[in-house]
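Enquirer: File name start_0.pdb; file contents PDB, C-alpha atoms and all ligand atoms; full text below.
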```pdb
ATOM      1  CA  MET A  28       4.658 -10.595  -9.628  1.00  0.00           C
ATOM      2  CA  HIS A  29       1.844  -8.106 -10.020  1.00  0.00           C
ATOM      3  CA  GLU A  30       3.655  -5.554  -7.882  1.00  0.00           C
ATOM      4  CA  LEU A  31       5.693  -4.412 -10.905  1.00  0.00           C
ATOM      5  CA  LYS A  32       2.611  -3.740 -13.012  1.00  0.00           C
ATOM      6  CA  ILE A  33       0.980  -1.774 -10.192  1.00  0.00           C
ATOM      7  CA  ALA A  34       4.207   0.142  -9.503  1.00  0.00           C
ATOM      8  CA  GLU A  35       4.482   1.129 -13.170  1.00  0.00           C
ATOM      9  CA  GLU A  36       0.877   2.319 -13.251  1.00  0.00           C
ATOM     10  CA  LEU A  37       1.322   4.360 -10.095  1.00  0.00           C
ATOM     11  CA  ILE A  38       4.593   5.872 -11.315  1.00  0.00           C
ATOM     12  CA  GLY A  39       2.738   6.938 -14.458  1.00  0.00           C
ATOM     13  CA  ILE A  40       0.225   8.799 -12.290  1.00  0.00           C
ATOM     14  CA  ILE A  41       2.979  10.254 -10.096  1.00  0.00           C
ATOM     15  CA  LYS A  42       4.788  11.613 -13.156  1.00  0.00           C
ATOM     16  CA  GLN A  43       1.571  13.174 -14.410  1.00  0.00           C
ATOM     17  CA  VAL A  44       0.821  14.842 -11.068  1.00  0.00           C
ATOM     18  CA  ALA A  45       4.415  16.076 -10.757  1.00  0.00           C
ATOM     19  CA  GLU A  46       4.127  17.647 -14.196  1.00  0.00           C
ATOM     20  CA  GLU A  47       0.800  19.291 -13.425  1.00  0.00           C
ATOM     21  CA  GLU A  48       2.178  20.672 -10.167  1.00  0.00           C
ATOM     22  CA  ASN A  49       5.416  21.802 -11.844  1.00  0.00           C
ATOM     23  CA  LEU A  50       7.553  19.811  -9.439  1.00  0.00           C
ATOM     24  CA  LYS A  51      11.283  19.559 -10.045  1.00  0.00           C
ATOM     25  CA  LYS A  52      11.471  16.382  -8.062  1.00  0.00           C
ATOM     26  CA  VAL A  53       9.262  14.109  -6.042  1.00  0.00           C
ATOM     27  CA  THR A  54      10.552  13.585  -2.495  1.00  0.00           C
ATOM     28  CA  LYS A  55       7.898  11.384  -0.927  1.00  0.00           C
ATOM     29  CA  VAL A  56       4.999   9.251  -2.047  1.00  0.00           C
ATOM     30  CA  ASN A  57       2.349   7.828   0.272  1.00  0.00           C
ATOM     31  CA  ILE A  58       0.442   4.888  -1.136  1.00  0.00           C
ATOM     32  CA  GLN A  59      -2.390   2.888   0.401  1.00  0.00           C
ATOM     33  CA  PHE A  60      -3.272  -0.630  -0.615  1.00  0.00           C
ATOM     34  CA  GLY A  61      -6.268  -2.603   0.462  1.00  0.00           C
ATOM     35  CA  LYS A  62      -5.272  -5.921   1.931  1.00  0.00           C
ATOM     36  CA  MET A  63      -7.079  -7.804  -0.834  1.00  0.00           C
ATOM     37  CA  ILE A  64      -4.689  -6.378  -3.419  1.00  0.00           C
ATOM     38  CA  MET A  65      -2.182  -8.785  -1.815  1.00  0.00           C
ATOM     39  CA  ILE A  66       0.795  -6.485  -2.062  1.00  0.00           C
ATOM     40  CA  VAL A  67       3.967  -7.704  -0.391  1.00  0.00           C
ATOM     41  CA  PRO A  68       5.480  -4.427   0.897  1.00  0.00           C
ATOM     42  CA  ASP A  69       9.115  -5.563   0.564  1.00  0.00           C
ATOM     43  CA  VAL A  70       8.536  -6.664  -3.004  1.00  0.00           C
ATOM     44  CA  PHE A  71       6.695  -3.458  -3.825  1.00  0.00           C
ATOM     45  CA  HIS A  72       9.516  -1.313  -2.415  1.00  0.00           C
ATOM     46  CA  PHE A  73      11.994  -3.284  -4.481  1.00  0.00           C
ATOM     47  CA  VAL A  74      10.154  -3.021  -7.807  1.00  0.00           C
ATOM     48  CA  PHE A  75       9.173   0.605  -7.180  1.00  0.00           C
ATOM     49  CA  ASP A  76      12.794   1.593  -6.551  1.00  0.00           C
ATOM     50  CA  GLY A  77      13.741  -0.133  -9.785  1.00  0.00           C
ATOM     51  CA  ALA A  78      10.921   1.341 -11.832  1.00  0.00           C
ATOM     52  CA  VAL A  79      11.463   4.982 -10.734  1.00  0.00           C
ATOM     53  CA  LYS A  80      15.083   5.000 -11.908  1.00  0.00           C
ATOM     54  CA  GLY A  81      15.564   7.816 -14.372  1.00  0.00           C
ATOM     55  CA  THR A  82      12.234   9.456 -13.530  1.00  0.00           C
ATOM     56  CA  ILE A  83      11.328  12.563 -11.569  1.00  0.00           C
ATOM     57  CA  ALA A  84      10.573  10.317  -8.587  1.00  0.00           C
ATOM     58  CA  LYS A  85      13.931   8.541  -8.546  1.00  0.00           C
ATOM     59  CA  ASN A  86      14.860   9.728  -5.044  1.00  0.00           C
ATOM     60  CA  ALA A  87      11.372   9.679  -3.596  1.00  0.00           C
ATOM     61  CA  ARG A  88      10.766   7.976  -0.300  1.00  0.00           C
ATOM     62  CA  LEU A  89       7.983   5.475  -0.559  1.00  0.00           C
ATOM     63  CA  HIS A  90       5.607   4.998   2.324  1.00  0.00           C
ATOM     64  CA  LEU A  91       3.121   2.141   2.147  1.00  0.00           C
ATOM     65  CA  GLU A  92       0.048   1.575   4.211  1.00  0.00           C
ATOM     66  CA  ILE A  93      -1.992  -1.600   4.038  1.00  0.00           C
ATOM     67  CA  LEU A  94      -5.673  -1.024   4.780  1.00  0.00           C
ATOM     68  CA  PRO A  95      -7.574  -3.845   6.480  1.00  0.00           C
ATOM     69  CA  VAL A  96     -10.482  -5.526   4.756  1.00  0.00           C
ATOM     70  CA  LYS A  97     -13.827  -4.166   5.968  1.00  0.00           C
ATOM     71  CA  PHE A  98     -17.298  -5.383   5.308  1.00  0.00           C
ATOM     72  CA  VAL A  99     -20.746  -4.289   6.280  1.00  0.00           C
ATOM     73  CA  CYS A 100     -23.258  -7.081   6.847  1.00  0.00           C
ATOM     74  CA  LYS A 101     -26.315  -6.625   4.667  1.00  0.00           C
ATOM     75  CA  LYS A 102     -28.453  -8.437   7.202  1.00  0.00           C
ATOM     76  CA  CYS A 103     -27.634  -6.755  10.525  1.00  0.00           C
ATOM     77  CA  ARG A 104     -25.597  -3.758   9.243  1.00  0.00           C
ATOM     78  CA  GLU A 105     -22.690  -4.670  11.514  1.00  0.00           C
ATOM     79  CA  GLU A 106     -19.370  -3.333  10.248  1.00  0.00           C
ATOM     80  CA  THR A 107     -16.554  -5.851  10.448  1.00  0.00           C
ATOM     81  CA  GLU A 108     -12.825  -5.839   9.936  1.00  0.00           C
ATOM     82  CA  ILE A 109     -11.760  -9.189   8.602  1.00  0.00           C
ATOM     83  CA  ASP A 110      -8.294 -10.538   9.136  1.00  0.00           C
ATOM     84  CA  ASP A 111      -8.359 -14.073   7.833  1.00  0.00           C
ATOM     85  CA  LEU A 112     -10.488 -13.515   4.726  1.00  0.00           C
ATOM     86  CA  LEU A 113     -13.265 -15.635   6.166  1.00  0.00           C
ATOM     87  CA  PHE A 114     -16.307 -13.830   4.881  1.00  0.00           C
ATOM     88  CA  VAL A 115     -18.860 -14.341   7.625  1.00  0.00           C
ATOM     89  CA  CYS A 116     -20.479 -11.722   9.835  1.00  0.00           C
ATOM     90  CA  PRO A 117     -19.251 -12.345  13.414  1.00  0.00           C
ATOM     91  CA  LEU A 118     -22.487 -10.979  14.832  1.00  0.00           C
ATOM     92  CA  CYS A 119     -25.198 -12.865  12.948  1.00  0.00           C
ATOM     93  CA  GLY A 120     -23.274 -15.438  10.906  1.00  0.00           C
ATOM     94  CA  SER A 121     -24.599 -14.166   7.578  1.00  0.00           C
ATOM     95  CA  ASN A 122     -22.314 -14.340   4.573  1.00  0.00           C
ATOM     96  CA  ASP A 123     -24.231 -11.650   2.714  1.00  0.00           C
ATOM     97  CA  LEU A 124     -21.540  -9.036   3.122  1.00  0.00           C
ATOM     98  CA  GLU A 125     -20.686  -5.919   1.217  1.00  0.00           C
ATOM     99  CA  LEU A 126     -17.052  -4.951   0.836  1.00  0.00           C
ATOM    100  CA  ILE A 127     -16.433  -1.370   1.948  1.00  0.00           C
ATOM    101  CA  GLN A 128     -12.650  -1.386   2.170  1.00  0.00           C
ATOM    102  CA  GLY A 129      -9.835  -3.649   1.072  1.00  0.00           C
ATOM    103  CA  ARG A 130      -9.514  -3.333  -2.693  1.00  0.00           C
ATOM    104  CA  GLU A 131      -8.103   0.146  -3.025  1.00  0.00           C
ATOM    105  CA  THR A 132      -4.933   1.285  -4.674  1.00  0.00           C
ATOM    106  CA  VAL A 133      -4.637   4.914  -3.649  1.00  0.00           C
ATOM    107  CA  ILE A 134      -1.913   7.490  -3.993  1.00  0.00           C
ATOM    108  CA  GLU A 135      -2.700   9.293  -0.795  1.00  0.00           C
ATOM    109  CA  SER A 136      -0.205  12.084  -1.317  1.00  0.00           C
ATOM    110  CA  ILE A 137       2.797  13.124  -3.328  1.00  0.00           C
ATOM    111  CA  GLU A 138       5.360  15.509  -1.917  1.00  0.00           C
ATOM    112  CA  GLY A 139       7.958  17.299  -3.915  1.00  0.00           C
ATOM    113  CA  GLU A 140      10.040  20.380  -4.553  1.00  0.00           C
ATOM    114  CA  LYS A 141       9.345  23.066  -7.086  1.00  0.00           C
TER     115      LYS A 141
HETATM  116 ZN    ZN A 201     -24.559  -9.661  10.406  1.00  0.00          ZN
END
```
Would you mind giving the structure from this file in structure tokens?
Expert:
Amino acid sequence: MHELKIAEELIGIIKQVAEEENLKKVTKVNIQFGKMIMIVPDVFHFVFDGAVKGTIAKNARLHLEILPVKFVCKKCREETEIDDLLFVCPLCGSNDLELIQGRETVIESIEGEK
């Protein structure tokens, strides 16, 4: 279950940001995951809620967004969103693709009260 490890890392960052911004509590956290990170949202919500207990973010609402996998074809420069993780350019059939989205773990925003 790699969700727990990721949740703990992100909570570490959230705590740091909350401290820097002098927040009394964190009310909402927006997180984006690339699809290739293979996060199961229900599992992530569950482990996040467990891991924030006793922290500044304990009552924060968690909003997750899963970003689709995107490639640009190095041969024809076509940009492709891939759903089934079949890494072939639909336009020219080349498999020489460059990943441009799909591996990110991003805290998009943190909201809180001072
Ligand atoms: Zn192509």
Enquirer: Could you tell me, as a count of residues only, exactly which residues end up selected when the PyMOL selection byres (((not hetatm)) within 8 of (chain A and resi 201)) is applied to this structure?
Expert: 17
Enquirer: Could you give me, as a list of chain:residue names, the residues within 10 Å of A:Ile58, counting all atoms listed in the file and dropping anything in the same chain fewer than 2 positions from it?
Expert: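 Non-adjacent residues within range: A:Leu37, A:Lys55, A:Val56, A:Phe60, A:Leu89, A:His90, A:Leu91, A:Glu92, A:Ile93, A:Glu131, A:Thr132, A:Val133, A:Ile134, A:Glu135, A:Ser136, A:Ile137.
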Enquirer: Can you spit out the residues from that selection as a tab-separated table (two decimals), keeping the file's coordinate frame, using C-alpha atoms?
Expert:
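Now in selection34.tsv:
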```
chain	number	residue	atom	x	y	z
A	37	LEU	CA	1.32	4.36	-10.10
A	55	LYS	CA	7.90	11.38	-0.93
A	56	VAL	CA	5.00	9.25	-2.05
A	60	PHE	CA	-3.27	-0.63	-0.62
A	89	LEU	CA	7.98	5.48	-0.56
A	90	HIS	CA	5.61	5.00	2.32
A	91	LEU	CA	3.12	2.14	2.15
A	92	GLU	CA	0.05	1.58	4.21
A	93	ILE	CA	-1.99	-1.60	4.04
A	131	GLU	CA	-8.10	0.15	-3.02
A	132	THR	CA	-4.93	1.28	-4.67
A	133	VAL	CA	-4.64	4.91	-3.65
A	134	ILE	CA	-1.91	7.49	-3.99
A	135	GLU	CA	-2.70	9.29	-0.80
A	136	SER	CA	-0.20	12.08	-1.32
A	137	ILE	CA	2.80	13.12	-3.33
```
Enquirer: Applied to the shown file, which residues does the PyMOL selection byres (((chain A and resi 110) around 12) and not hetatm) return, written as an NGL selection string?
Expert: :A and (61-63 or 94-98 or 107-109 or 111-115 or 117 or 129)
Enquirer: Take the PyMOL selection byres (((chain A and resi 75-78) around 12) and not hetatm), run it mentally on this structure, and tell me the resulting residues as a PyMOL selection string.
Expert: chain A and resi 29-39+41+56+58+67-74+79-91
Enquirer: Nearest to A:Lys141: which of A:Asn49, A:Gln59, A:Thr54, A:Gln128 is it, counting only C-alpha atoms?
Expert: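 Counting only C-alpha atoms, the residue closest to A:Lys141 is A:Asn49.
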Enquirer: Have a look at atom CA of A:Ile40 and atom CA of A:Lys52 and let me know their distance in Å, one decimal.
Expert: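 Computing it gives 14.2 Å between the two atoms.
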Enquirer: Should you be able to, write chain A of this structure into a file that contains C-alpha atoms, as a CSV table (one decimal), in the first residue's frame.
Expert:
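Output file decode-v3.csv is given in full below:
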```
chain,number,residue,atom,x,y,z
A,28,MET,CA,0.0,0.0,0.0
A,29,HIS,CA,2.1,2.9,-1.2
A,30,GLU,CA,-0.7,5.4,-0.5
A,31,LEU,CA,0.3,5.6,3.1
A,32,LYS,CA,3.9,6.5,2.3
A,33,ILE,CA,2.8,9.2,-0.1
A,34,ALA,CA,0.2,10.5,2.3
A,35,GLU,CA,2.8,10.8,5.1
A,36,GLU,CA,5.2,12.6,2.7
A,37,LEU,CA,2.5,15.0,1.6
A,38,ILE,CA,1.3,15.7,5.2
A,39,GLY,CA,4.9,16.5,6.0
A,40,ILE,CA,4.9,19.2,3.3
A,41,ILE,CA,1.4,20.4,4.4
A,42,LYS,CA,2.6,20.9,8.0
A,43,GLN,CA,5.6,22.8,6.8
A,44,VAL,CA,3.6,25.1,4.6
A,45,ALA,CA,1.0,25.6,7.4
A,46,GLU,CA,3.8,26.7,9.7
A,47,GLU,CA,5.4,29.0,7.1
A,48,GLU,CA,2.0,30.6,6.5
A,49,ASN,CA,1.2,30.8,10.2
A,50,LEU,CA,-2.0,28.8,9.8
A,51,LYS,CA,-3.9,27.8,12.9
A,52,LYS,CA,-5.6,25.0,11.0
A,53,VAL,CA,-5.7,23.6,7.5
A,54,THR,CA,-9.3,23.4,6.2
A,55,LYS,CA,-8.8,22.0,2.7
A,56,VAL,CA,-6.1,20.4,0.7
A,57,ASN,CA,-6.1,19.9,-3.1
A,58,ILE,CA,-3.8,17.2,-4.4
A,59,GLN,CA,-3.2,16.1,-8.0
A,60,PHE,CA,-1.9,12.7,-8.9
A,61,GLY,CA,-0.8,11.5,-12.3
A,62,LYS,CA,-2.6,8.4,-13.3
A,63,MET,CA,0.7,6.5,-13.4
A,64,ILE,CA,1.2,6.9,-9.7
A,65,MET,CA,-1.6,4.4,-9.4
A,66,ILE,CA,-3.4,6.0,-6.5
A,67,VAL,CA,-6.7,4.4,-5.5
A,68,PRO,CA,-8.6,7.5,-4.3
A,69,ASP,CA,-10.7,5.7,-1.7
A,70,VAL,CA,-7.6,4.1,-0.2
A,71,PHE,CA,-5.8,7.4,-0.2
A,72,HIS,CA,-8.7,9.2,1.5
A,73,PHE,CA,-8.6,6.5,4.2
A,74,VAL,CA,-4.9,6.5,4.9
A,75,PHE,CA,-4.8,10.3,4.7
A,76,ASP,CA,-7.6,10.7,7.3
A,77,GLY,CA,-5.7,8.3,9.5
A,78,ALA,CA,-2.3,9.9,9.1
A,79,VAL,CA,-3.5,13.5,9.7
A,80,LYS,CA,-4.9,12.6,13.2
A,81,GLY,CA,-3.3,14.9,15.8
A,82,THR,CA,-1.8,17.2,13.2
A,83,ILE,CA,-2.8,20.7,12.1
A,84,ALA,CA,-4.6,19.2,9.1
A,85,LYS,CA,-6.8,16.8,11.1
A,86,ASN,CA,-10.0,18.4,10.0
A,87,ALA,CA,-8.9,19.3,6.5
A,88,ARG,CA,-11.1,18.3,3.5
A,89,LEU,CA,-9.1,16.4,1.0
A,90,HIS,CA,-9.8,16.8,-2.7
A,91,LEU,CA,-8.1,14.5,-5.1
A,92,GLU,CA,-7.7,14.9,-8.9
A,93,ILE,CA,-6.3,12.2,-11.1
A,94,LEU,CA,-4.5,13.6,-14.1
A,95,PRO,CA,-4.6,11.6,-17.3
A,96,VAL,CA,-1.4,10.2,-18.8
A,97,LYS,CA,-0.2,12.4,-21.7
A,98,PHE,CA,2.5,11.8,-24.2
A,99,VAL,CA,4.0,13.7,-27.1
A,100,CYS,CA,5.1,11.6,-30.0
A,101,LYS,CA,8.8,12.3,-30.8
A,102,LYS,CA,8.2,11.4,-34.5
A,103,CYS,CA,5.1,13.4,-35.5
A,104,ARG,CA,4.8,15.7,-32.4
A,105,GLU,CA,1.2,14.6,-31.9
A,106,GLU,CA,0.0,15.0,-28.3
A,107,THR,CA,-1.9,12.1,-27.0
A,108,GLU,CA,-3.9,11.2,-23.9
A,109,ILE,CA,-3.5,7.6,-23.1
A,110,ASP,CA,-6.2,5.7,-21.2
A,111,ASP,CA,-5.1,2.1,-21.4
A,112,LEU,CA,-1.4,2.5,-20.9
A,113,LEU,CA,-0.7,1.3,-24.4
A,114,PHE,CA,2.2,3.4,-25.4
A,115,VAL,CA,1.7,3.8,-29.1
A,116,CYS,CA,1.1,7.1,-31.0
A,117,PRO,CA,-2.5,6.8,-32.5
A,118,LEU,CA,-1.5,9.0,-35.4
A,119,CYS,CA,1.7,7.4,-36.7
A,120,GLY,CA,2.0,4.2,-34.7
A,121,SER,CA,5.4,5.1,-33.3
A,122,ASN,CA,6.3,4.0,-29.8
A,123,ASP,CA,9.0,6.7,-29.4
A,124,LEU,CA,6.9,8.8,-27.0
A,125,GLU,CA,7.8,11.3,-24.3
A,126,LEU,CA,5.8,11.5,-21.2
A,127,ILE,CA,4.6,15.0,-20.5
A,128,GLN,CA,2.0,14.2,-17.8
A,129,GLY,CA,1.0,11.3,-15.6
A,130,ARG,CA,3.7,11.0,-13.0
A,131,GLU,CA,3.1,14.0,-10.8
A,132,THR,CA,2.3,14.2,-7.1
A,133,VAL,CA,1.3,17.8,-6.6
A,134,ILE,CA,-0.1,19.7,-3.7
A,135,GLU,CA,-2.1,22.1,-5.8
A,136,SER,CA,-3.3,24.2,-2.9
A,137,ILE,CA,-3.7,24.3,0.8
A,138,GLU,CA,-6.4,26.4,2.5
A,139,GLY,CA,-6.5,27.2,6.1
A,140,GLU,CA,-7.3,29.7,8.8
A,141,LYS,CA,-5.0,32.0,10.5
```
